[in-house]
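Colleague: Contents of data10.csv (CSV, N, CA and C atoms) are given next:
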chain,number,residue,atom,x,y,z
A,325,MET,N,113.4,144.2,182.7
A,325,MET,CA,114.5,145.1,182.2
A,325,MET,C,114.7,144.8,180.8
A,326,THR,N,114.9,145.9,180.0
A,326,THR,CA,115.1,145.8,178.6
A,326,THR,C,116.5,145.6,178.3
A,327,VAL,N,116.8,144.8,177.2
A,327,VAL,CA,118.2,144.6,176.8
A,327,VAL,C,118.7,145.8,176.0
A,328,PRO,N,119.9,146.3,176.3
A,328,PRO,CA,120.4,147.4,175.5
A,328,PRO,C,120.5,147.1,174.0
A,329,GLN,N,120.2,148.1,173.2
A,329,GLN,CA,120.2,147.9,171.7
A,329,GLN,C,121.3,148.7,171.1
A,330,ILE,N,121.7,148.3,169.9
A,330,ILE,CA,122.7,149.1,169.1
A,330,ILE,C,122.1,149.3,167.7
A,331,GLN,N,122.5,150.3,167.0
A,331,GLN,CA,122.0,150.6,165.7
A,331,GLN,C,123.1,150.2,164.7
A,332,ILE,N,122.7,149.3,163.7
A,332,ILE,CA,123.7,148.9,162.7
A,332,ILE,C,123.0,148.9,161.4
A,333,GLU,N,123.8,148.6,160.3
A,333,GLU,CA,123.2,148.5,159.0
A,333,GLU,C,123.7,147.2,158.4
A,334,VAL,N,122.9,146.6,157.5
A,334,VAL,CA,123.3,145.4,156.7
A,334,VAL,C,123.3,145.8,155.2
A,335,ALA,N,124.3,145.6,154.5
A,335,ALA,CA,124.4,146.1,153.1
A,335,ALA,C,124.8,145.0,152.1
A,336,TYR,N,124.2,145.1,150.9
A,336,TYR,CA,124.6,144.2,149.8
A,336,TYR,C,124.4,145.0,148.5
A,337,ALA,N,125.2,144.8,147.5
A,337,ALA,CA,125.0,145.5,146.3
A,337,ALA,C,125.4,144.6,145.1
A,338,THR,N,124.6,144.7,144.0
A,338,THR,CA,124.9,144.1,142.7
A,338,THR,C,125.2,145.3,141.8
A,339,PRO,N,125.7,145.0,140.6
A,339,PRO,CA,125.9,146.1,139.7
A,339,PRO,C,124.7,146.9,139.4
A,340,GLU,N,123.5,146.2,139.5
A,340,GLU,CA,122.2,146.9,139.2
A,340,GLU,C,121.6,147.7,140.3
A,341,ARG,N,121.8,147.2,141.6
A,341,ARG,CA,121.2,147.9,142.7
A,341,ARG,C,121.9,147.5,144.0
A,342,GLN,N,121.6,148.3,145.0
A,342,GLN,CA,122.1,148.1,146.3
A,342,GLN,C,121.0,148.2,147.4
A,343,GLN,N,121.2,147.6,148.5
A,343,GLN,CA,120.2,147.6,149.6
A,343,GLN,C,121.0,147.8,150.9
A,344,ILE,N,120.6,148.8,151.6
A,344,ILE,CA,121.2,149.1,153.0
A,344,ILE,C,120.0,149.1,153.9
A,345,ILE,N,120.1,148.1,154.9
A,345,ILE,CA,118.9,148.0,155.8
A,345,ILE,C,119.4,148.4,157.2
A,346,PRO,N,118.8,149.5,157.7
A,346,PRO,CA,119.1,149.9,159.1
A,346,PRO,C,118.4,148.9,160.0
A,347,LEU,N,119.1,148.6,161.2
A,347,LEU,CA,118.5,147.6,162.1
A,347,LEU,C,118.9,147.9,163.5
A,348,ARG,N,118.0,147.7,164.4
A,348,ARG,CA,118.4,147.8,165.9
A,348,ARG,C,118.4,146.4,166.4
A,349,VAL,N,119.6,146.0,167.0
A,349,VAL,CA,119.8,144.7,167.5
A,349,VAL,C,120.3,144.7,168.9
A,350,PRO,N,120.1,143.7,169.7
A,350,PRO,CA,120.6,143.6,171.0
A,350,PRO,C,122.1,143.6,171.1
A,351,VAL,N,122.6,144.3,172.1
A,351,VAL,CA,124.1,144.2,172.3
A,351,VAL,C,124.5,142.7,172.4
A,352,GLY,N,125.6,142.4,171.7
A,352,GLY,CA,126.0,141.0,171.7
A,352,GLY,C,125.6,140.2,170.4
A,353,THR,N,124.9,140.9,169.6
A,353,THR,CA,124.4,140.3,168.3
A,353,THR,C,125.7,140.0,167.4
A,354,ARG,N,125.7,138.9,166.8
A,354,ARG,CA,126.8,138.5,165.9
A,354,ARG,C,126.4,138.8,164.4
A,355,VAL,N,127.4,138.9,163.5
A,355,VAL,CA,127.2,139.2,162.1
A,355,VAL,C,126.1,138.4,161.5
A,356,ARG,N,126.3,137.0,161.6
A,356,ARG,CA,125.3,136.1,161.0
A,356,ARG,C,123.9,136.4,161.5
A,357,GLU,N,123.7,136.6,162.8
A,357,GLU,CA,122.4,136.9,163.3
A,357,GLU,C,121.8,138.2,162.8
A,358,ALA,N,122.6,139.2,162.6
A,358,ALA,CA,122.2,140.5,162.1
A,358,ALA,C,121.7,140.3,160.6
A,359,ILE,N,122.5,139.6,159.8
A,359,ILE,CA,122.1,139.4,158.4
A,359,ILE,C,120.8,138.6,158.4
A,360,GLU,N,120.6,137.6,159.2
A,360,GLU,CA,119.4,136.9,159.2
A,360,GLU,C,118.2,137.8,159.6
A,361,GLN,N,118.4,138.6,160.7
A,361,GLN,CA,117.3,139.5,161.1
A,361,GLN,C,117.0,140.5,160.1
A,362,SER,N,117.9,141.0,159.3
A,362,SER,CA,117.7,142.0,158.3
A,362,SER,C,116.8,141.5,157.2
A,363,GLN,N,116.7,140.2,157.0
A,363,GLN,CA,116.0,139.5,155.9
A,363,GLN,C,116.4,140.0,154.5
A,364,ILE,N,117.7,140.4,154.4
A,364,ILE,CA,118.2,140.9,153.1
A,364,ILE,C,118.1,139.8,152.0
A,365,MET,N,118.1,138.5,152.4
A,365,MET,CA,118.0,137.4,151.4
A,365,MET,C,116.7,137.5,150.7
A,366,ARG,N,115.7,138.1,151.2
A,366,ARG,CA,114.4,138.3,150.5
A,366,ARG,C,114.6,139.1,149.2
A,367,TYR,N,115.5,140.1,149.3
A,367,TYR,CA,115.8,141.0,148.2
A,367,TYR,C,116.9,140.3,147.2
A,368,PHE,N,117.8,139.6,147.8
A,368,PHE,CA,118.9,139.0,147.1
A,368,PHE,C,119.0,137.5,147.4
A,369,PRO,N,118.2,136.6,146.9
A,369,PRO,CA,118.2,135.2,147.2
A,369,PRO,C,119.5,134.5,146.9
A,370,GLU,N,120.3,135.1,146.0
A,370,GLU,CA,121.6,134.5,145.6
A,370,GLU,C,122.6,134.5,146.7
A,371,ILE,N,122.4,135.3,147.8
A,371,ILE,CA,123.4,135.4,148.9
A,371,ILE,C,123.5,134.0,149.5
A,372,ASP,N,124.8,133.5,149.7
A,372,ASP,CA,125.1,132.3,150.3
A,372,ASP,C,126.2,132.5,151.3
A,373,LEU,N,125.8,132.6,152.6
A,373,LEU,CA,126.8,133.0,153.6
A,373,LEU,C,127.8,131.9,153.8
A,374,ASP,N,127.6,130.7,153.4
A,374,ASP,CA,128.6,129.7,153.5
A,374,ASP,C,129.7,129.8,152.4
A,375,LYS,N,129.5,130.6,151.4
A,375,LYS,CA,130.5,130.8,150.3
A,375,LYS,C,131.0,132.3,150.2
A,376,GLN,N,130.1,133.2,150.6
A,376,GLN,CA,130.5,134.6,150.4
A,376,GLN,C,131.2,135.2,151.7
A,377,LYS,N,132.1,136.1,151.5
A,377,LYS,CA,132.8,136.7,152.6
A,377,LYS,C,131.9,137.9,153.1
A,378,VAL,N,132.1,138.2,154.4
A,378,VAL,CA,131.4,139.4,155.0
A,378,VAL,C,132.4,140.3,155.6
A,379,GLY,N,132.0,141.5,155.9
A,379,GLY,CA,132.9,142.5,156.5
A,379,GLY,C,132.2,143.5,157.2
A,380,ILE,N,132.9,144.3,158.0
A,380,ILE,CA,132.4,145.5,158.7
A,380,ILE,C,133.2,146.7,158.2
A,381,TRP,N,132.6,147.6,157.6
A,381,TRP,CA,133.2,148.8,157.0
A,381,TRP,C,134.5,148.4,156.2
A,382,SER,N,134.3,147.5,155.2
A,382,SER,CA,135.4,147.1,154.3
A,382,SER,C,136.5,146.3,154.9
A,383,LYS,N,136.3,145.8,156.1
A,383,LYS,CA,137.3,144.9,156.7
A,383,LYS,C,136.6,143.5,156.9
A,384,THR,N,137.2,142.5,156.3
A,384,THR,CA,136.7,141.2,156.3
A,384,THR,C,136.6,140.7,157.8
A,385,VAL,N,135.5,140.1,158.2
A,385,VAL,CA,135.3,139.5,159.5
A,385,VAL,C,134.7,138.2,159.4
A,386,LYS,N,134.7,137.4,160.5
A,386,LYS,CA,134.0,136.1,160.5
A,386,LYS,C,132.5,136.4,160.9
A,387,LEU,N,131.7,135.4,160.5
A,387,LEU,CA,130.3,135.5,160.8
A,387,LEU,C,130.0,135.5,162.3
A,388,GLU,N,130.9,135.1,163.1
A,388,GLU,CA,130.7,135.0,164.6
A,388,GLU,C,131.1,136.3,165.3
A,389,GLN,N,131.6,137.3,164.5
A,389,GLN,CA,132.1,138.6,165.0
A,389,GLN,C,130.9,139.3,165.7
A,390,GLU,N,131.2,139.8,166.9
A,390,GLU,CA,130.1,140.6,167.7
A,390,GLU,C,130.1,142.0,167.1
A,391,LEU,N,128.9,142.5,167.0
A,391,LEU,CA,128.7,143.8,166.4
A,391,LEU,C,128.8,144.9,167.5
A,392,ARG,N,129.2,146.1,167.0
A,392,ARG,CA,129.2,147.3,167.9
A,392,ARG,C,128.3,148.4,167.3
A,393,GLU,N,128.0,149.4,168.1
A,393,GLU,CA,127.2,150.5,167.6
A,393,GLU,C,127.8,151.1,166.4
A,394,GLY,N,126.9,151.3,165.4
A,394,GLY,CA,127.3,152.0,164.1
A,394,GLY,C,127.9,151.1,163.1
A,395,ASP,N,128.1,149.8,163.4
A,395,ASP,CA,128.7,148.9,162.4
A,395,ASP,C,127.9,148.8,161.1
A,396,ARG,N,128.5,148.7,160.0
A,396,ARG,CA,127.8,148.4,158.8
A,396,ARG,C,128.3,147.0,158.3
A,397,VAL,N,127.4,146.0,158.3
A,397,VAL,CA,127.8,144.7,157.9
A,397,VAL,C,127.6,144.6,156.4
A,398,GLU,N,128.7,144.2,155.7
A,398,GLU,CA,128.7,144.2,154.2
A,398,GLU,C,128.9,142.7,153.8
A,399,ILE,N,128.1,142.3,152.8
A,399,ILE,CA,128.1,141.0,152.3
A,399,ILE,C,128.8,141.2,150.9
A,400,TYR,N,129.9,140.5,150.7
A,400,TYR,CA,130.7,140.7,149.5
A,400,TYR,C,130.4,139.7,148.4
A,401,ARG,N,130.2,140.1,147.2
A,401,ARG,CA,130.0,139.2,146.0
A,401,ARG,C,131.3,138.6,145.7
A,402,PRO,N,131.3,137.3,145.2
A,402,PRO,CA,132.5,136.7,144.8
A,402,PRO,C,133.2,137.4,143.6
A,403,LEU,N,134.5,137.4,143.6
A,403,LEU,CA,135.2,138.0,142.5
A,403,LEU,C,135.0,137.2,141.2
A,404,ILE,N,134.8,137.9,140.1
A,404,ILE,CA,134.7,137.2,138.8
A,404,ILE,C,136.0,136.8,138.2
A,405,ALA,N,137.0,137.7,138.4
A,405,ALA,CA,138.3,137.4,137.9
A,405,ALA,C,139.4,137.7,138.9
A,406,ASP,N,140.5,137.0,138.8
A,406,ASP,CA,141.6,137.2,139.8
A,406,ASP,C,142.3,138.5,139.5
A,407,PRO,N,142.4,139.4,140.5
A,407,PRO,CA,143.1,140.7,140.2
A,407,PRO,C,144.5,140.6,139.8
A,408,LYS,N,145.2,139.6,140.3
A,408,LYS,CA,146.6,139.4,139.9
A,408,LYS,C,146.7,139.0,138.4
A,409,ALA,N,145.8,138.2,137.9
A,409,ALA,CA,145.8,137.8,136.5
A,409,ALA,C,145.5,138.9,135.6
A,410,ILE,N,144.6,139.8,136.1
A,410,ILE,CA,144.2,141.0,135.3
A,410,ILE,C,145.4,141.9,135.1
A,411,ARG,N,146.1,142.2,136.2
A,411,ARG,CA,147.3,143.1,136.2
A,411,ARG,C,148.4,142.5,135.3
A,412,ARG,N,148.6,141.1,135.4
A,412,ARG,CA,149.6,140.5,134.6
A,412,ARG,C,149.3,140.6,133.1
A,413,ARG,N,148.0,140.4,132.8
A,413,ARG,CA,147.6,140.5,131.4
A,413,ARG,C,147.8,142.0,130.9
A,414,ARG,N,147.4,142.9,131.7
A,414,ARG,CA,147.6,144.4,131.3
A,414,ARG,C,149.0,144.7,131.1
A,415,ALA,N,149.9,144.2,132.0
A,415,ALA,CA,151.4,144.4,131.8
A,415,ALA,C,151.9,143.8,130.5
A,416,GLU,N,151.5,142.6,130.2
A,416,GLU,CA,151.9,141.9,129.0
A,416,GLU,C,151.4,142.7,127.8
A,417,GLN,N,150.2,143.2,127.8
A,417,GLN,CA,149.7,143.9,126.7
A,417,GLN,C,150.5,145.2,126.5
A,418,ALA,N,150.9,145.9,127.6
A,418,ALA,CA,151.7,147.1,127.5
A,418,ALA,C,153.0,146.8,126.9
A,419,ILE,N,153.6,145.7,127.2
A,419,ILE,CA,154.9,145.3,126.6
A,419,ILE,C,154.7,145.1,125.1
A,420,ASP,N,153.7,144.3,124.8
A,420,ASP,CA,153.4,144.0,123.4
A,420,ASP,C,153.2,145.3,122.6
A,421,GLU,N,152.5,146.3,123.2
A,421,GLU,CA,152.2,147.5,122.4
A,421,GLU,C,153.3,148.5,122.5
A,422,GLY,N,154.4,148.1,123.2
A,422,GLY,CA,155.6,149.0,123.3
A,422,GLY,C,155.4,150.2,124.3
A,423,ARG,N,154.4,150.1,125.2
A,423,ARG,CA,154.2,151.1,126.2
A,423,ARG,C,155.0,150.8,127.4
A,424,ALA,N,155.7,149.6,127.5
A,424,ALA,CA,156.4,149.2,128.7
A,424,ALA,C,157.8,148.7,128.3
A,425,ASP,N,158.7,148.9,129.2
A,425,ASP,CA,160.1,148.3,128.9
A,425,ASP,C,160.0,146.8,128.9
A,426,PRO,N,160.5,146.2,127.9
A,426,PRO,CA,160.4,144.7,127.8
A,426,PRO,C,161.2,144.0,128.8
A,427,VAL,N,162.2,144.6,129.4
A,427,VAL,CA,163.1,143.9,130.4
A,427,VAL,C,162.5,144.1,131.8
A,428,THR,N,162.2,145.3,132.2
A,428,THR,CA,161.7,145.6,133.6
A,428,THR,C,160.2,145.6,133.7
A,429,GLY,N,159.5,145.8,132.6
A,429,GLY,CA,158.0,145.8,132.6
A,429,GLY,C,157.5,147.2,133.0
A,430,GLY,N,158.4,148.1,133.4
A,430,GLY,CA,158.0,149.4,133.8
A,430,GLY,C,157.7,150.3,132.6
A,431,ARG,N,157.2,151.5,132.9
A,431,ARG,CA,156.9,152.4,131.8
A,431,ARG,C,158.2,152.8,131.1
A,432,ARG,N,158.1,152.9,129.8
A,432,ARG,CA,159.2,153.4,129.0
A,432,ARG,C,159.4,154.8,129.3
A,433,ARG,N,160.6,155.2,129.3
A,433,ARG,CA,161.0,156.6,129.5
A,433,ARG,C,161.0,157.3,128.2
A,434,ARG,N,160.4,158.5,128.2
A,434,ARG,CA,160.4,159.2,127.0
A,434,ARG,C,161.7,159.9,126.8
A,435,ALA,N,162.0,160.3,125.6
A,435,ALA,CA,163.3,160.9,125.3
A,435,ALA,C,163.5,162.2,126.1
A,436,THR,N,162.4,163.0,126.3
A,436,THR,CA,162.5,164.2,127.1
A,436,THR,C,162.8,164.0,128.5
A,437,ASP,N,162.4,162.8,129.1
A,437,ASP,CA,162.7,162.5,130.5
A,437,ASP,C,164.2,162.2,130.6
A,438,GLN,N,164.8,161.5,129.6
A,438,GLN,CA,166.2,161.2,129.7
A,438,GLN,C,167.0,162.4,129.6
A,439,THR,N,166.7,163.4,128.7
A,439,THR,CA,167.5,164.6,128.6
A,439,THR,C,167.4,165.5,129.8
A,440,ASP,N,166.2,165.5,130.4
A,440,ASP,CA,166.0,166.2,131.7
A,440,ASP,C,166.9,165.7,132.8
A,441,ASP,N,167.0,164.3,132.9
A,441,ASP,CA,167.9,163.7,133.9
A,441,ASP,C,169.4,164.0,133.6
A,442,GLU,N,169.8,164.0,132.3
A,442,GLU,CA,171.2,164.2,132.0
A,442,GLU,C,171.6,165.7,132.3
A,443,SER,N,170.7,166.6,132.2
A,443,SER,CA,171.0,168.0,132.4
A,443,SER,C,171.2,168.4,133.9
A,444,GLU,N,170.7,167.5,134.8
A,444,GLU,CA,170.8,167.9,136.2
A,444,GLU,C,172.1,167.6,136.8
Written as structure tokens, how would this file's structure read?
Modeller:
Amino acid sequence: MTVPQIQIEVAYATPERQQIIPLRVPVGTRVREAIEQSQIMRYFPEIDLDKQKVGIWSKTVKLEQELREGDRVEIYRPLIADPKAIRRRRAEQAIDEGRADPVTGGRRRRATDQTDDESE
């Protein structure tokens, strides 16, 4: 008797290129097993599953997660910069350049916006 199979994909991308590998695996296959079976590390030897996060359709999952029909396993690259720090720097720059209110940090209201509000 044959073991039922499901169709999945394993994906990884760098700024220069991406690889999506279609794969048929037995029902009950886990994320780590699918990544190993895909042999995607042949194309991207820098992948380190002990350090990098993985997900299914943009949702982070554990390597032990069981796969379902149609899942796309994604291996995420580490972030180069902290998104909060980038937003904070951008807000500080806007204040320094006079594009943001120095007290609230929000956008400065233009004079036309203020007169529109007063006329209502």
Colleague: In Å, with one decimal, what is the gap from atom CA of A:Lys383 to atom C of A:Arg356?
Modeller: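 Taking atom CA of A:Lys383 as the start and atom C of A:Arg356 as the end point, the length is 16.6 Å.
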Colleague: Quick one: which stretch 380-405 of chain A residues come within 9 Å of stretch 332-347 of chain A, and what is the nearest atom pair for each with the distance in Å to one decimal, counting only C-alpha atoms, rows ordered by chain and ascending number, as CSV?
Modeller:
residue,atom,partner,partner_atom,distance
A:Leu391,CA,A:Ile332,CA,8.0
A:Arg392,CA,A:Ile332,CA,7.7
A:Glu393,CA,A:Ile332,CA,6.2
A:Gly394,CA,A:Ile332,CA,5.0
A:Asp395,CA,A:Ile332,CA,5.0
A:Arg396,CA,A:Glu333,CA,4.6
A:Val397,CA,A:Val334,CA,4.7
A:Glu398,CA,A:Ala335,CA,4.8
A:Ile399,CA,A:Tyr336,CA,5.4
A:Tyr400,CA,A:Tyr336,CA,7.0
A:Arg401,CA,A:Thr338,CA,7.8
Colleague: Please compute the atom CA of A:Glu388-atom C of A:Val355 distance, one decimal, in Å.
Modeller: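 Between these atoms lies a distance of 6.5 Å.
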Colleague: For A:Val349, work out the shell of residues within 6.5 Å, counting all atoms listed in the file and skipping chain neighbours fewer than 4 positions away, then give it as a compact mmCIF listing (two decimals) with N, CA and C atoms, in the coordinates of the input.
Modeller:
# COMPACT_ATOMS: atom_id res chain seq x y z
N PRO A 328 119.90 146.30 176.30
CA PRO A 328 120.40 147.40 175.50
C PRO A 328 120.50 147.10 174.00
N GLN A 329 120.20 148.10 173.20
CA GLN A 329 120.20 147.90 171.70
C GLN A 329 121.30 148.70 171.10
N ILE A 330 121.70 148.30 169.90
CA ILE A 330 122.70 149.10 169.10
C ILE A 330 122.10 149.30 167.70
N GLN A 331 122.50 150.30 167.00
CA GLN A 331 122.00 150.60 165.70
C GLN A 331 123.10 150.20 164.70
N ILE A 332 122.70 149.30 163.70
CA ILE A 332 123.70 148.90 162.70
C ILE A 332 123.00 148.90 161.40
N THR A 353 124.90 140.90 169.60
CA THR A 353 124.40 140.30 168.30
C THR A 353 125.70 140.00 167.40
Colleague: Please, what distance in Å, to one decimal, runs between atom CA of A:Val351 and atom CA of A:Val327?
Modeller: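 Straight-line distance from atom CA of A:Val351 to atom CA of A:Val327 works out to 7.4 Å.
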Colleague: Quick one: DSSP strand (DSSP E or B) residues in chain A, as an MDAnalysis selection string?
Modeller: chainID A and resid 329:337 342:350 354 378:380 383:385 390 396:399 424 431
Colleague: If you count only N, CA and C atoms, which residues fall within 8 Å of A:Pro402, apart from same-chain ones fewer than 6 positions away, as a PyMOL selection string?
Modeller: chain A and resi 375-377
